[in-house]
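As structure tokens, the structure follows; a few thoughts come after it.
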Amino acid sequence: MTAAMTPSLLQVSDLKVRFCTADGELQALRSVSFDMQPGEVLAVVGESGSGKTQLALALMGLLAENGSASGTAMFQGHDLLSCGQARLNRLRGSEMAMIFQDPESTLNPYLNIGRQMSEVLEQHRRMPHAQALQVAEEMLHQVRIGNPRECMQQYPHELSGGMQQRIVIAMGLLCQPALLIADEPTTALDVTVQADINRLMLDLRERYQTAIMLITHDLGVVAGLADRVLVLYAGQTMEYAAVRDLYRQPEHPYSRALVRAVPQLDSQHGAGLQPIPGNPPNPLQIPSGCPFRDRCEFAFTDCTATPLLRPARHGGQIACHLETLPE
Amino acid sequence: MNTASTDSRPVVLKVTELQCSYPVHGGGLLRRHEQRQQILHGVSFDLARAEALAIIGESGSGKTTLARAVLGLLPVDHGEVSWRGESLLQLSAEEMRLRRRDMQMVFQDPQASLNPRMTIGDILAEPLHTFYPNMAAVQVRERVRGMLKMVGLLPHVLNRYAHEFSGGQCQRIAIARALILNPRLLVCDEPVSALDVSIQAQIIYLLKDLQRKLQLSLLFIGHDLALVPYLCDRVMVLYMGEIMELADCDRLYSQPVHPYTRAMLAAIPRPDPDWRPESVTTRAHDTRSSSEERPPGCIFSDRCPHVQQRCLEERPRLRQVRRRQVSCHFAEALMADSDSN
């Protein structure tokens with residue numbers, strides 16, 4: 001197969017992730033399919049245990065030792081799930097990069113910022129040290145760090161969380177990867193900094209045409225950022241839609257509940273805050289049928305059978321037995 | 001300065017001009033001598049019986065330090081904390097320990113705050129064993145079961161362990177543990193920050209319900225303003241150890257005055273595809289301010305969109321402006337501005 005036949009940057013089909021645990025087999029992802037175009041921002045949304053982080057780790061080849069992935073994930077002509085460690089090592093860092101929730105644990109506490117950034121370029125681009133330092137400094141400027149030169153000399157503990165996350169993003173973008181996977185990049189940060197980092201990611205997408213996979217539990221954060229949204233629950237796709245459709249006319253009860261769970265200040269106190277009752281299922285004991293049915297206000301007899309993913313009216317996909325979502 | 005809320009409930013907690021600092025090492029390897037970094041720069045407020053006050057600030061604002069100082073978990077450099085008319089700072093360790101029955105805390109990370117080797121039943125009974133060693137086993141069991149029911153959990157959880165529960169359930173357990181001694185003050189340090197958005201509202205409603213039912217005074221510490229109006233009566237906005245604005249929720253949300261309060265509100269993400277966050281930070285220097293000197297003027301001046309020359313030279317005092325407290329030289333002008341809009 002040639003890359004030219006598929007315009008997608010990333011095409012994931014029937015991705016399954018399993019873990020062998022002492023308590024039995026855990027299915028973290030149960031057949032998830034989606035694709036990403038170059039420069040697209042895809043939000044992967046779900047509660048804890050939905051499998052959203054395992055999805056990212058599977059693509060990066062970073063699953064824990066007791067985990068295994070099946071299916072295909074075609075990226076630039078290579079299947080990430082079967083291409084082997086050597087190929088993955090070449091792709092990671094240069095063509096795809098990942099940033100994690102906690103910037104402090106991502107950065108090496110013993111190296112100054114300049115050293116850990118230049119290392120990326122020396123490793124992946126075989127760039128001479130002096131030039132690598134220059135490029136790194138320029139990238140710090142791009143992520144709006146006030147004094148890049150001074151910052152290069154500093155160690156992670158000397159920097160605030162917002163600064164650290166900017167540096168992690170700068171590091172992820174150093175080799176201008178085609179795909180950046182960001183797992184809850186702003187969850188650990190203050191709201192004002194979160195707003196800043198989100199704007200920054202949009203600007204960088206414009207500038208470098210980097211596709212971004214944004215993983216989060218908070219639909220409030222991704223509304224202004226994403227092009228499309230993939231809603232996961234208990235390792236399954238609930239809804240897959242363009243961002244506008246998902247917020248304006250969600251067709252799955254779970255998506256709508258997630259949108260309504262975001263606190264809104266403009267509405268009257270009390271009316272704007274709607275929790276989803278109950279808790280996400282334990283991944284080891286996912287009930288048969290629709291996994292959301294225990295918490296769904298519209299559950300009916302059909303829901304004991306697993307709903308298949310089908311085309312939705314808005315052009316995306318949903319997995320729900322309801323013909324139309326009642327008000 | 002009178003900071004009591006508008007109604008006539010009696011004040012239970014009174015904090016006056018509180019200053020706290022932490023030791024930091026500075027001056028390089030050879031000139032290592034202890035310096036202290038001041039975290040709280042004179043914070044004063046009152047809390048009435050059955051009142052819920054939110055303390056909101058970014059990381060480094062001193063919000064957690066304030067909570068810990070109130071509970072006597074940190075030494076205080078200067079100022080006063082009084083609880084129901086009694087100064088807490090003069091008490092011996094043992095006296096303080098006994099007072100703490102009245103004041104309990106709920107932490108941010110519910111899983112980390114529960115002992116993984118104890119059953120939920122033992123976790124909930126432990127405070128009772130500690131403070132009431134002679135309480136009959138039947139009574140303990142009854143109290144524990146009653147508490148579980150109150151936080152919306154079923155009795156079968158008693159013999160299970162924390163790791164068997166989701167984050168939201170663990171936070172319910174942590175709240176039950178905090179309330180088992182019948183405290184009068186509950187301090188919640190970011191109780192929902194580690195939870196999924198979908199679950200946060202459950203816990204907020206539970207806290208509101210319990211606070212009303214048990215007539216609890218509540219300090220709710222958070223890093224954003226989104227959830228505050230659903231739970232609290234008043235809100236204090238803290239920035240780098242100083243109060244920027246303190247007001248009733250209704251007043252603060254309908255008309256925020258301090259530019260920092262406005263920035264905090266503007267940054268809350270909205271579930272609207274057409275909404276773009278306003279950039280409010282863009283600080284030239286975003287380094288942790290441990291070694292930096294505080295500017296002589298307003299502490300927020302380097303981020304403030306309305307900054308004037310006076311803001312750089314003269315520190316604004318927290319003062320009463322139309323039934324709220326604001327620390328800004330131009331509070332009246334900013335209010336008039338938003339009045340006319």
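Following the order of the structure tokens, chains are lettered A, B, ..., residues in each are numbered from 1, and ligands are numbered from 1.
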How close does each residue of chain A get to chain B, giving the shortest atom pair and distance in Å to one decimal for every residue with an atom at most 6 Å away, counting only C-alpha atoms, sorted by chain and residue number, as JSON lines?
{"residue": "A:Glu47", "atom": "CA", "partner": "B:Asp196", "partner_atom": "CA", "distance": 5.9}
{"residue": "A:Gly146", "atom": "CA", "partner": "B:Ala284", "partner_atom": "CA", "distance": 4.6}
{"residue": "A:Leu159", "atom": "CA", "partner": "B:Thr287", "partner_atom": "CA", "distance": 4.8}
{"residue": "A:Ser160", "atom": "CA", "partner": "B:Arg288", "partner_atom": "CA", "distance": 5.1}
{"residue": "A:Asp190", "atom": "CA", "partner": "B:Glu58", "partner_atom": "CA", "distance": 5.6}
{"residue": "A:Val191", "atom": "CA", "partner": "B:Ala267", "partner_atom": "CA", "distance": 5.9}
{"residue": "A:Thr192", "atom": "CA", "partner": "B:Ala267", "partner_atom": "CA", "distance": 5.3}
{"residue": "A:Ala195", "atom": "CA", "partner": "B:Pro277", "partner_atom": "CA", "distance": 5.4}
{"residue": "A:Asp196", "atom": "CA", "partner": "B:Ser279", "partner_atom": "CA", "distance": 5.6}
{"residue": "A:His217", "atom": "CA", "partner": "B:Asp196", "partner_atom": "CA", "distance": 6.0}
{"residue": "A:Asp218", "atom": "CA", "partner": "B:Val197", "partner_atom": "CA", "distance": 5.8}
{"residue": "A:Gly220", "atom": "CA", "partner": "B:Pro271", "partner_atom": "CA", "distance": 4.2}
{"residue": "A:Val221", "atom": "CA", "partner": "B:Pro269", "partner_atom": "CA", "distance": 5.5}
{"residue": "A:Ala223", "atom": "CA", "partner": "B:Pro273", "partner_atom": "CA", "distance": 4.4}
{"residue": "A:Gly224", "atom": "CA", "partner": "B:Pro273", "partner_atom": "CA", "distance": 4.6}
{"residue": "A:Arg244", "atom": "CA", "partner": "B:Pro273", "partner_atom": "CA", "distance": 5.9}
{"residue": "A:Ala261", "atom": "CA", "partner": "B:Ser198", "partner_atom": "CA", "distance": 5.2}
{"residue": "A:Pro275", "atom": "CA", "partner": "B:Ala201", "partner_atom": "CA", "distance": 4.8}
{"residue": "A:Ile276", "atom": "CA", "partner": "B:Ser198", "partner_atom": "CA", "distance": 5.4}
message: Using DSSP secondary structure from the backbone, list all helix (DSSP H, G or I) positions within segment 113-259 of chain A, as a VMD selection string.
response: chain A and resid 113 to 125 129 to 142 148 to 152 156 to 158 161 to 173 191 to 208 219 to 222 243 to 248 253 to 259
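Here the residues within segment 191-324 of chain A that DSSP labels strand (DSSP E or B) on the basis of the backbone are Ala211, Ile212, Met213, Leu214, Ile215, Thr216, Arg228, Val229, Leu230, Val231, Leu232, Tyr233, Gln236, Thr237, Met238, Glu239, Tyr240, Ala241, Ala242, Arg310, Pro311, Gln317 and Ile318 of chain A.
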Residues from the last selection, C-alpha atoms, saved as a tab-separated table (two decimals), in the first residue's frame:
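The resulting file, result_35.tsv, is shown below:
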chain	number	residue	atom	x	y	z
A	211	ALA	CA	-2.06	17.53	13.67
A	212	ILE	CA	-2.95	17.44	17.36
A	213	MET	CA	-4.71	14.68	19.25
A	214	LEU	CA	-6.01	16.28	22.43
A	215	ILE	CA	-7.02	13.90	25.19
A	216	THR	CA	-9.25	15.24	27.94
A	228	ARG	CA	-13.61	16.74	15.47
A	229	VAL	CA	-14.41	14.93	18.71
A	230	LEU	CA	-14.25	11.23	19.52
A	231	VAL	CA	-16.24	10.39	22.65
A	232	LEU	CA	-15.11	7.21	24.38
A	233	TYR	CA	-16.85	5.31	27.17
A	236	GLN	CA	-15.88	2.05	23.04
A	237	THR	CA	-16.76	4.88	20.70
A	238	MET	CA	-20.02	6.51	21.73
A	239	GLU	CA	-20.01	9.36	19.22
A	240	TYR	CA	-17.62	10.66	16.60
A	241	ALA	CA	-18.56	14.04	15.17
A	242	ALA	CA	-17.45	17.45	13.97
A	310	ARG	CA	-23.73	3.54	12.89
A	311	PRO	CA	-23.87	6.71	10.78
A	317	GLN	CA	-21.10	8.15	13.93
A	318	ILE	CA	-22.91	7.08	17.08
Residues within 10 Å of Val81 of chain B, only C-alpha atoms, excluding chain neighbours under 6 positions, as a PyMOL selection string: chain B and resi 13-18+44-46+69-72+87-90
Just write the chosen residues, C-alpha atoms, as a PDB file, in the first residue's frame.
ATOM      1  CA  LEU B  13     -13.527  31.905  62.551  1.00  0.00           C
ATOM      2  CA  LYS B  14     -11.667  35.175  62.554  1.00  0.00           C
ATOM      3  CA  VAL B  15      -8.350  35.520  60.751  1.00  0.00           C
ATOM      4  CA  THR B  16      -6.467  38.773  61.189  1.00  0.00           C
ATOM      5  CA  GLU B  17      -3.440  40.051  59.279  1.00  0.00           C
ATOM      6  CA  LEU B  18      -2.061  36.566  58.813  1.00  0.00           C
ATOM      7  CA  SER B  44      -7.831  38.935  57.085  1.00  0.00           C
ATOM      8  CA  PHE B  45     -11.319  37.469  56.870  1.00  0.00           C
ATOM      9  CA  ASP B  46     -14.227  36.214  58.924  1.00  0.00           C
ATOM     10  CA  ALA B  69      -2.318  27.967  58.869  1.00  0.00           C
ATOM     11  CA  VAL B  70      -5.963  28.208  59.914  1.00  0.00           C
ATOM     12  CA  LEU B  71      -5.918  24.568  61.008  1.00  0.00           C
ATOM     13  CA  GLY B  72      -2.712  25.071  62.957  1.00  0.00           C
ATOM     14  CA  SER B  87      -6.934  32.265  69.870  1.00  0.00           C
ATOM     15  CA  LEU B  88      -5.644  29.082  68.268  1.00  0.00           C
ATOM     16  CA  LEU B  89      -2.058  30.257  68.008  1.00  0.00           C
ATOM     17  CA  GLN B  90      -1.494  30.227  71.760  1.00  0.00           C
TER      18      GLN B  90
END
Contacts of Thr306 of chain A at 7 Å (only C-alpha atoms; same-chain gap of 4+ positions) as a short mmCIF file (atom, residue, chain, number, x, y, z; two decimals) with C-alpha atoms, in the first residue's frame:
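And here's out_5.cif as it stands now:
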data_model
loop_
_atom_site.label_atom_id
_atom_site.label_comp_id
_atom_site.auth_asym_id
_atom_site.auth_seq_id
_atom_site.Cartn_x
_atom_site.Cartn_y
_atom_site.Cartn_z
CA SER A 288 -22.95 -6.44 28.65
CA GLY A 289 -24.99 -4.34 26.26
CA CYS A 290 -24.55 -0.60 26.13
#
